[in-house]
file input.cif (mmCIF, C-alpha atoms and all ligand atoms)
data_coords
#
loop_
_atom_site.label_atom_id
_atom_site.label_comp_id
_atom_site.auth_asym_id
_atom_site.auth_seq_id
_atom_site.Cartn_x
_atom_site.Cartn_y
_atom_site.Cartn_z
CA MET A 1 336.02 175.22 -91.35
CA SER A 2 337.08 171.58 -91.16
CA PRO A 3 334.63 169.05 -89.59
CA SER A 4 337.14 168.20 -86.84
CA LYS A 5 337.38 171.90 -85.83
CA LEU A 6 333.56 172.08 -85.71
CA VAL A 7 333.49 169.04 -83.40
CA VAL A 8 336.05 170.67 -81.07
CA ILE A 9 334.06 173.95 -80.95
CA ALA A 10 330.77 172.10 -80.30
CA ALA A 11 332.37 170.03 -77.51
CA SER A 12 333.81 173.19 -75.89
CA LEU A 13 330.39 174.87 -76.06
CA ILE A 14 328.67 171.87 -74.43
CA PHE A 15 331.34 171.82 -71.69
CA CYS A 16 330.89 175.56 -70.95
CA VAL A 17 327.07 175.29 -70.83
CA SER A 18 327.30 172.25 -68.53
CA LEU A 19 329.45 174.31 -66.13
CA PHE A 20 326.71 176.93 -65.79
CA LEU A 21 323.66 174.62 -65.76
CA PRO A 22 323.89 173.56 -62.09
CA ALA A 23 323.86 177.22 -61.04
CA PHE A 24 320.54 177.78 -62.82
CA GLY A 25 318.73 174.62 -61.81
CA GLN A 26 320.25 174.52 -58.33
CA GLU A 27 318.22 172.88 -55.57
CA ALA A 28 318.16 174.73 -52.26
CA LYS A 29 320.35 172.98 -49.67
CA PRO A 30 319.32 171.97 -46.10
CA ILE A 31 320.14 174.67 -43.58
CA GLN A 32 321.37 173.75 -40.11
CA LEU A 33 320.19 176.53 -37.81
CA PRO A 34 322.18 177.73 -34.79
CA GLU A 35 320.88 176.69 -31.37
CA PRO A 36 317.96 178.93 -30.37
CA LYS A 37 318.87 181.54 -27.75
CA LEU A 38 316.35 181.45 -24.94
CA ASP A 39 317.73 184.14 -22.66
CA GLN A 40 317.23 187.41 -24.47
CA SER A 41 313.58 188.35 -24.69
CA LYS A 42 311.32 191.04 -23.33
CA PRO A 43 309.18 190.15 -20.32
CA LEU A 44 305.95 188.47 -21.42
CA MET A 45 303.73 191.32 -20.24
CA LEU A 46 305.67 193.84 -22.34
CA ALA A 47 305.51 191.55 -25.37
CA LEU A 48 301.75 191.30 -24.90
CA LYS A 49 301.57 195.08 -24.61
CA ASP A 50 303.37 195.44 -27.97
CA ARG A 51 301.71 192.57 -29.87
CA LYS A 52 300.13 193.83 -33.08
CA THR A 53 299.54 193.19 -36.76
CA THR A 54 301.77 195.15 -39.14
CA ARG A 55 301.35 195.31 -42.90
CA GLU A 56 304.37 197.39 -43.84
CA PHE A 57 307.77 195.74 -44.18
CA SER A 58 311.33 196.71 -45.08
CA SER A 59 313.15 194.42 -47.48
CA GLY A 60 316.01 193.24 -45.19
CA SER A 61 316.49 189.57 -44.38
CA LEU A 62 316.50 187.82 -40.98
CA SER A 63 319.68 186.32 -39.54
CA GLN A 64 319.83 182.56 -39.08
CA GLN A 65 319.89 183.13 -35.32
CA THR A 66 316.66 185.12 -35.50
CA LEU A 67 315.11 182.45 -37.71
CA SER A 68 316.13 179.75 -35.25
CA ASN A 69 314.71 181.69 -32.28
CA LEU A 70 311.51 182.54 -34.16
CA LEU A 71 310.84 178.95 -35.24
CA TRP A 72 311.62 177.58 -31.80
CA ALA A 73 309.19 180.11 -30.28
CA ALA A 74 306.61 179.20 -32.95
CA PHE A 75 306.59 175.42 -32.57
CA GLY A 76 309.97 174.20 -31.36
CA ILE A 77 310.57 171.37 -28.91
CA ASN A 78 310.64 172.74 -25.36
CA ARG A 79 310.66 169.35 -23.57
CA PRO A 80 313.24 167.20 -25.35
CA ASP A 81 312.47 164.16 -23.14
CA SER A 82 308.96 163.89 -24.54
CA GLY A 83 309.33 165.86 -27.78
CA ARG A 84 306.54 168.23 -26.71
CA ARG A 85 306.36 171.67 -28.21
CA THR A 86 306.15 175.39 -27.39
CA ALA A 87 302.52 175.45 -28.61
CA PRO A 88 299.81 173.05 -27.47
CA SER A 89 298.13 170.73 -29.95
CA ALA A 90 294.98 168.62 -29.80
CA LYS A 91 295.89 165.33 -28.10
CA ASN A 92 299.53 166.23 -28.71
CA TRP A 93 299.03 165.08 -32.32
CA GLN A 94 301.26 167.99 -33.42
CA SER A 95 299.27 168.21 -36.63
CA ILE A 96 300.85 171.39 -37.96
CA ASP A 97 304.06 171.56 -39.97
CA VAL A 98 305.66 174.96 -40.30
CA TYR A 99 307.06 175.79 -43.72
CA VAL A 100 309.27 178.82 -44.38
CA ALA A 101 309.27 180.66 -47.70
CA THR A 102 312.45 182.70 -48.16
CA ALA A 103 314.10 184.36 -51.16
CA GLU A 104 316.09 181.12 -51.63
CA GLY A 105 313.26 178.60 -51.57
CA MET A 106 310.57 176.89 -49.56
CA PHE A 107 311.73 174.91 -46.52
CA LEU A 108 310.13 172.64 -43.93
CA TYR A 109 311.08 173.42 -40.32
CA ASP A 110 312.49 170.28 -38.71
CA PRO A 111 312.21 170.96 -34.95
CA LYS A 112 314.18 167.85 -33.91
CA GLY A 113 317.15 168.63 -36.13
CA ASN A 114 316.70 172.42 -35.71
CA ALA A 115 317.05 172.63 -39.48
CA LEU A 116 315.31 173.84 -42.60
CA VAL A 117 314.70 171.09 -45.12
CA PRO A 118 314.22 172.29 -48.72
CA VAL A 119 310.95 171.33 -50.40
CA ALA A 120 310.97 173.65 -53.41
CA SER A 121 313.62 175.85 -54.93
CA GLY A 122 313.15 179.43 -56.05
CA ASP A 123 311.38 182.37 -54.48
CA ILE A 124 307.67 181.56 -54.05
CA ARG A 125 307.02 184.05 -51.25
CA SER A 126 304.48 185.93 -53.38
CA LEU A 127 302.42 182.72 -53.76
CA THR A 128 301.81 182.58 -50.01
CA GLY A 129 298.95 185.07 -50.23
CA THR A 130 296.68 186.99 -52.52
CA GLN A 131 297.45 190.35 -50.91
CA THR A 132 300.49 192.32 -52.03
CA PHE A 133 301.69 194.29 -49.00
CA PHE A 134 304.05 191.50 -47.90
CA LYS A 135 306.13 191.36 -51.09
CA ASP A 136 309.18 193.01 -49.43
CA ALA A 137 309.08 190.94 -46.24
CA ALA A 138 311.92 188.54 -45.39
CA ILE A 139 309.91 185.36 -44.87
CA ASN A 140 306.46 183.89 -44.97
CA LEU A 141 305.55 181.03 -42.70
CA VAL A 142 303.00 178.63 -44.11
CA TYR A 143 301.08 176.45 -41.66
CA VAL A 144 300.16 173.05 -43.06
CA ALA A 145 297.95 170.52 -41.28
CA ASN A 146 298.78 166.88 -41.74
CA LEU A 147 295.31 165.33 -41.44
CA THR A 148 296.72 161.81 -41.14
CA LYS A 149 298.15 162.85 -37.76
CA ILE A 150 294.70 163.79 -36.45
CA GLY A 151 293.43 160.41 -35.38
CA GLU A 152 289.67 160.81 -35.16
CA GLY A 153 286.61 162.58 -36.54
CA GLU A 154 285.08 163.94 -39.71
CA GLU A 155 287.16 166.13 -41.96
CA ALA A 156 285.41 169.34 -40.78
CA TYR A 157 286.26 168.44 -37.16
CA LYS A 158 289.86 167.68 -38.11
CA MET A 159 290.10 171.06 -39.85
CA PHE A 160 288.70 172.75 -36.73
CA LEU A 161 291.41 171.13 -34.60
CA ALA A 162 294.04 172.07 -37.18
CA ALA A 163 292.84 175.69 -37.16
CA ALA A 164 293.01 175.79 -33.36
CA ASP A 165 296.53 174.27 -33.38
CA THR A 166 297.56 176.88 -35.97
CA GLY A 167 296.26 179.75 -33.83
CA PHE A 168 298.47 178.84 -30.89
CA ILE A 169 301.58 178.72 -33.09
CA ALA A 170 300.69 182.00 -34.75
CA GLU A 171 300.26 183.74 -31.40
CA ASN A 172 303.70 182.49 -30.33
CA VAL A 173 305.05 184.12 -33.50
CA TYR A 174 303.18 187.35 -32.75
CA LEU A 175 304.69 187.46 -29.25
CA TYR A 176 308.21 186.68 -30.48
CA CYS A 177 307.89 189.45 -33.07
CA ALA A 178 306.61 191.90 -30.45
CA SER A 179 309.55 190.97 -28.27
CA GLU A 180 312.13 191.40 -31.05
CA LYS A 181 310.59 194.44 -32.80
CA LEU A 182 309.78 192.45 -35.94
CA ALA A 183 306.71 193.04 -38.08
CA THR A 184 304.18 190.27 -38.61
CA VAL A 185 300.74 189.60 -40.04
CA PHE A 186 298.71 186.38 -39.88
CA ARG A 187 296.90 185.71 -43.15
CA VAL A 188 294.22 183.38 -44.47
CA THR A 189 293.72 184.98 -47.91
CA ILE A 190 295.67 182.41 -49.87
CA ASP A 191 295.18 180.63 -53.19
CA LYS A 192 295.67 177.27 -51.47
CA ALA A 193 295.49 175.15 -54.62
CA LYS A 194 298.24 177.15 -56.31
CA LEU A 195 300.45 177.33 -53.23
CA GLY A 196 299.90 173.64 -52.41
CA GLU A 197 301.01 172.70 -55.91
CA ALA A 198 304.15 174.82 -55.65
CA MET A 199 304.91 173.23 -52.26
CA LYS A 200 304.28 169.73 -53.67
CA LEU A 201 301.84 168.93 -50.84
CA LYS A 202 300.15 165.53 -50.55
CA PRO A 203 296.30 165.25 -50.48
CA ASP A 204 296.22 164.87 -46.68
CA GLN A 205 298.27 168.03 -46.18
CA ARG A 206 296.09 171.15 -45.92
CA ILE A 207 297.28 174.74 -45.77
CA THR A 208 295.56 176.43 -42.85
CA ALA A 209 297.17 179.90 -42.89
CA ALA A 210 300.29 181.92 -43.57
CA GLN A 211 302.16 184.46 -41.50
CA THR A 212 304.54 187.06 -42.82
CA VAL A 213 307.53 188.04 -40.69
CA GLY A 214 310.02 190.75 -41.57
CA LEU A 215 311.76 193.91 -40.58
CA PRO A 216 309.37 196.77 -39.91
CA LYS A 217 309.39 199.92 -42.02
CA SER A 218 311.41 202.39 -39.99
CA GLY A 219 309.27 204.31 -37.55
CA LYS A 220 306.46 201.69 -37.57
C1 LIG B 1 291.86 184.10 -38.20
C2 LIG B 1 292.52 185.37 -38.69
C3 LIG B 1 292.63 185.60 -40.06
C4 LIG B 1 293.28 186.76 -40.53
N1 LIG B 1 293.46 186.91 -41.87
C5 LIG B 1 294.07 188.01 -42.33
C6 LIG B 1 294.32 188.15 -43.73
O1 LIG B 1 294.01 187.28 -44.54
N2 LIG B 1 294.94 189.27 -44.14
C7 LIG B 1 295.34 190.26 -43.28
O2 LIG B 1 295.88 191.26 -43.74
N3 LIG B 1 295.14 190.15 -41.95
C8 LIG B 1 294.54 189.04 -41.46
N4 LIG B 1 294.38 188.87 -40.10
C9 LIG B 1 294.88 189.90 -39.17
C10 LIG B 1 293.71 190.68 -38.53
O3 LIG B 1 293.15 191.55 -39.51
C11 LIG B 1 294.22 191.46 -37.33
O4 LIG B 1 294.65 190.55 -36.34
C12 LIG B 1 293.09 192.31 -36.75
O5 LIG B 1 292.80 193.41 -37.59
C13 LIG B 1 293.42 192.86 -35.36
O6 LIG B 1 294.64 193.62 -35.42
P1 LIG B 1 295.81 193.32 -34.38
O7 LIG B 1 296.35 191.95 -34.69
O8 LIG B 1 296.84 194.39 -34.60
O9 LIG B 1 295.23 193.37 -33.01
C14 LIG B 1 293.78 187.72 -39.61
C15 LIG B 1 293.68 187.45 -38.23
C16 LIG B 1 293.09 186.30 -37.77
C17 LIG B 1 293.05 186.02 -36.28
#
call {"tool": "encode", "arguments": {"input": "input.cif", "output": "structure tokens"}}
result
Amino acid sequence: MSPSKLVVIAASLIFCVSLFLPAFGQEAKPIQLPEPKLDQSKPLMLALKDRKTTREFSSGSLSQQTLSNLLWAAFGINRPDSGRRTAPSAKNWQSIDVYVATAEGMFLYDPKGNALVPVASGDIRSLTGTQTFFKDAAINLVYVANLTKIGEGEEAYKMFLAAADTGFIAENVYLYCASEKLATVFRVTIDKAKLGEAMKLKPDQRITAAQTVGLPKSGK
């Protein structure tokens, strides 16, 4: 084969490979969520009656509407004038960021923009806990305390406040799931170093807990 033909073949090969490369290394894109729907839930007392931990999930995904509603219930802005949230937080420091691990990637919930901002691509749902029962579930929420937002005290005290803030958000998620017949489990058994690395967290960001949300196994 002549050298010029070889050059043409090599150039064509490089062109073809370059066409496919973006698909492999693709970064997850920001997701604009639909407005949360606030007018379609069970009465609070019935949601409380049905609140429970479930550790069996079907593999179906959640719609963007459900995701929007769920995240708003978890820690959305319910008083736009002041930016205050659906869950209380110590001194309104709003120390907890809610991350969402989906099959597409890891996202940060942006309550102001009602959007999911990508922080890592690829499916790292299995890294959000050391147990295995949640492998089929649609999403895993990861609660991350930003200690720089907590203005005062020793680190142990800041972690106590962060844990309390997390609990309120998690209960909102439990109640939303009870109301919408979704399955959920709050979890603290996490390899935090490994997950933190995958999420590219900064030293002042501390994982407090995770919470799986998904479709229940039928009949559960
Ligand atoms: C602080 C805390 C940590 C928990 N950690 C885990 C966990 O790591 N793994 C798990 O499967 N369940 C975990 N759970 C769920 C509890 O086991 C569950 O809430 C408890 O058994 C009561 O069940 P119920 O939620 O259905 O009332 C945790 C719950 C709380 C409040």
call {"tool": "closest_atom_pairs", "arguments": {"input": "input.cif", "of": "chain A", "to": "ligand LIG 1 (chain B)", "cutoff": "8 Å", "atoms": "all atoms listed in the file", "output": "tab-separated table"}}
result
residue	atom	partner	partner_atom	distance
A:Arg51	CA	B:LIG1	O8	7.0
A:Lys52	CA	B:LIG1	O8	3.7
A:Thr53	CA	B:LIG1	O8	3.7
A:Thr54	CA	B:LIG1	O8	6.7
A:Arg55	CA	B:LIG1	O2	6.9
A:Gly129	CA	B:LIG1	O1	7.9
A:Gln131	CA	B:LIG1	N2	7.3
A:Gly167	CA	B:LIG1	C17	7.5
A:Val185	CA	B:LIG1	C9	5.9
A:Phe186	CA	B:LIG1	N4	5.0
A:Arg187	CA	B:LIG1	O1	3.6
A:Val188	CA	B:LIG1	O1	3.9
A:Thr189	CA	B:LIG1	O1	4.1
A:Ile190	CA	B:LIG1	O1	7.4
A:Ala209	CA	B:LIG1	C3	7.8
call {"tool": "residues_around", "arguments": {"input": "input.cif", "residues": "range 98-105 of chain A", "least_positions_apart": "4", "cutoff": "9 Å", "atoms": "only C-alpha atoms", "output": "list of chain:residue names"}}
result
A:Glu27, A:Ala28, A:Ser61, A:Leu71, A:Ala74, A:Phe75, A:Tyr109, A:Asp110, A:Leu116, A:Pro118, A:Val119, A:Ala120, A:Ser121, A:Gly122, A:Asp123, A:Ile124, A:Arg125, A:Thr128, A:Ala138, A:Ile139, A:Asn140, A:Leu141, A:Val142, A:Tyr143, A:Val144, A:Ala145
call {"tool": "closest_residue", "arguments": {"input": "input.cif", "among": "A:Cys177, A:Trp93, A:Met106, A:Asn78", "to": "Lys200 in chain A", "atoms": "all atoms listed in the file"}}
result
A:Met106
call {"tool": "axis_aligned_box", "arguments": {"input": "input.cif", "around": "range 181-198 of chain A", "padding_each_side": "8 Å", "output": "JSON"}}
result
{"center_x": 302.2, "center_y": 183.6, "center_z": -44.6, "size_x": 32.9, "size_y": 37.7, "size_z": 39.5}
call {"tool": "atom_distance", "arguments": {"input": "input.cif", "atom1": "CA of Leu147 in chain A", "atom2": "CA of Gly196 in chain A"}}
result
14.5 Å
call {"tool": "closest_residue", "arguments": {"input": "input.cif", "among": "A:Ser95, A:Thr148, A:Asn114, A:Ser63", "to": "Asp165 in chain A", "atoms": "all atoms listed in the file"}}
result
A:Ser95
call {"tool": "residues_near_point", "arguments": {"input": "input.cif", "point": "(310.8, 193.9, -52.6)", "cutoff": "6 Å", "atoms": "all atoms listed in the file", "output": "mmCIF file with C-alpha atoms, in the frame of the given file"}}
result
data_model
loop_
_atom_site.group_PDB
_atom_site.id
_atom_site.type_symbol
_atom_site.label_atom_id
_atom_site.label_comp_id
_atom_site.auth_asym_id
_atom_site.auth_seq_id
_atom_site.Cartn_x
_atom_site.Cartn_y
_atom_site.Cartn_z
ATOM 1 C CA SER A 59 313.150 194.420 -47.480
ATOM 2 C CA LYS A 135 306.130 191.360 -51.090
ATOM 3 C CA ASP A 136 309.180 193.010 -49.430
#
call {"tool": "closest_residue", "arguments": {"input": "input.cif", "among": "A:Asp50, A:Glu180, A:Glu154, A:Asp97", "to": "Leu215 in chain A", "atoms": "all atoms listed in the file"}}
result
A:Glu180
call {"tool": "closest_residue", "arguments": {"input": "input.cif", "among": "A:Ala73, A:Leu62, A:Ala156, A:Phe107", "to": "Leu182 in chain A", "atoms": "all atoms listed in the file"}}
result
A:Leu62
call {"tool": "closest_residue", "arguments": {"input": "input.cif", "among": "A:Ala210, A:Leu48, A:Leu70, A:Ile77", "to": "Lys112 in chain A", "atoms": "only C-alpha atoms"}}
result
A:Ile77
call {"tool": "atom_distance", "arguments": {"input": "input.cif", "atom1": "CA of Gly83 in chain A", "atom2": "CA of Asn146 in chain A"}}
result
17.5 Å
call {"tool": "decode", "arguments": {"input": "input.cif", "residues": "range 102-114 of chain A", "atoms": "N, CA and C atoms", "output": "PDB file, in the first residue's frame"}}
result
ATOM      1  N   THR A 102     -28.113   9.370  40.412  1.00  0.00           N
ATOM      2  CA  THR A 102     -29.023   8.670  39.491  1.00  0.00           C
ATOM      3  C   THR A 102     -28.181   7.766  38.593  1.00  0.00           C
ATOM      4  N   ALA A 103     -28.848   7.063  37.694  1.00  0.00           N
ATOM      5  CA  ALA A 103     -28.122   6.202  36.746  1.00  0.00           C
ATOM      6  C   ALA A 103     -27.224   7.043  35.835  1.00  0.00           C
ATOM      7  N   GLU A 104     -27.569   8.321  35.666  1.00  0.00           N
ATOM      8  CA  GLU A 104     -26.828   9.188  34.727  1.00  0.00           C
ATOM      9  C   GLU A 104     -25.642   9.887  35.374  1.00  0.00           C
ATOM     10  N   GLY A 105     -25.673  10.075  36.668  1.00  0.00           N
ATOM     11  CA  GLY A 105     -24.570  10.789  37.305  1.00  0.00           C
ATOM     12  C   GLY A 105     -24.945  11.269  38.693  1.00  0.00           C
ATOM     13  N   MET A 106     -24.043  12.064  39.262  1.00  0.00           N
ATOM     14  CA  MET A 106     -24.296  12.642  40.582  1.00  0.00           C
ATOM     15  C   MET A 106     -24.570  14.136  40.387  1.00  0.00           C
ATOM     16  N   PHE A 107     -25.656  14.615  40.979  1.00  0.00           N
ATOM     17  CA  PHE A 107     -26.090  15.996  40.788  1.00  0.00           C
ATOM     18  C   PHE A 107     -26.258  16.681  42.144  1.00  0.00           C
ATOM     19  N   LEU A 108     -26.080  18.001  42.138  1.00  0.00           N
ATOM     20  CA  LEU A 108     -26.377  18.820  43.318  1.00  0.00           C
ATOM     21  C   LEU A 108     -27.735  19.485  43.089  1.00  0.00           C
ATOM     22  N   TYR A 109     -28.631  19.346  44.057  1.00  0.00           N
ATOM     23  CA  TYR A 109     -29.934  20.015  43.959  1.00  0.00           C
ATOM     24  C   TYR A 109     -29.743  21.512  44.200  1.00  0.00           C
ATOM     25  N   ASP A 110     -30.163  22.310  43.220  1.00  0.00           N
ATOM     26  CA  ASP A 110     -30.110  23.765  43.342  1.00  0.00           C
ATOM     27  C   ASP A 110     -31.541  24.238  43.599  1.00  0.00           C
ATOM     28  N   PRO A 111     -31.891  24.548  44.859  1.00  0.00           N
ATOM     29  CA  PRO A 111     -33.295  24.862  45.162  1.00  0.00           C
ATOM     30  C   PRO A 111     -33.756  26.179  44.542  1.00  0.00           C
ATOM     31  N   LYS A 112     -32.842  27.143  44.396  1.00  0.00           N
ATOM     32  CA  LYS A 112     -33.236  28.431  43.798  1.00  0.00           C
ATOM     33  C   LYS A 112     -33.593  28.255  42.336  1.00  0.00           C
ATOM     34  N   GLY A 113     -32.756  27.546  41.604  1.00  0.00           N
ATOM     35  CA  GLY A 113     -32.974  27.347  40.177  1.00  0.00           C
ATOM     36  C   GLY A 113     -33.894  26.172  39.887  1.00  0.00           C
ATOM     37  N   ASN A 114     -34.277  25.413  40.955  1.00  0.00           N
ATOM     38  CA  ASN A 114     -35.061  24.182  40.779  1.00  0.00           C
ATOM     39  C   ASN A 114     -34.404  23.311  39.702  1.00  0.00           C
TER      40      ASN A 114
END
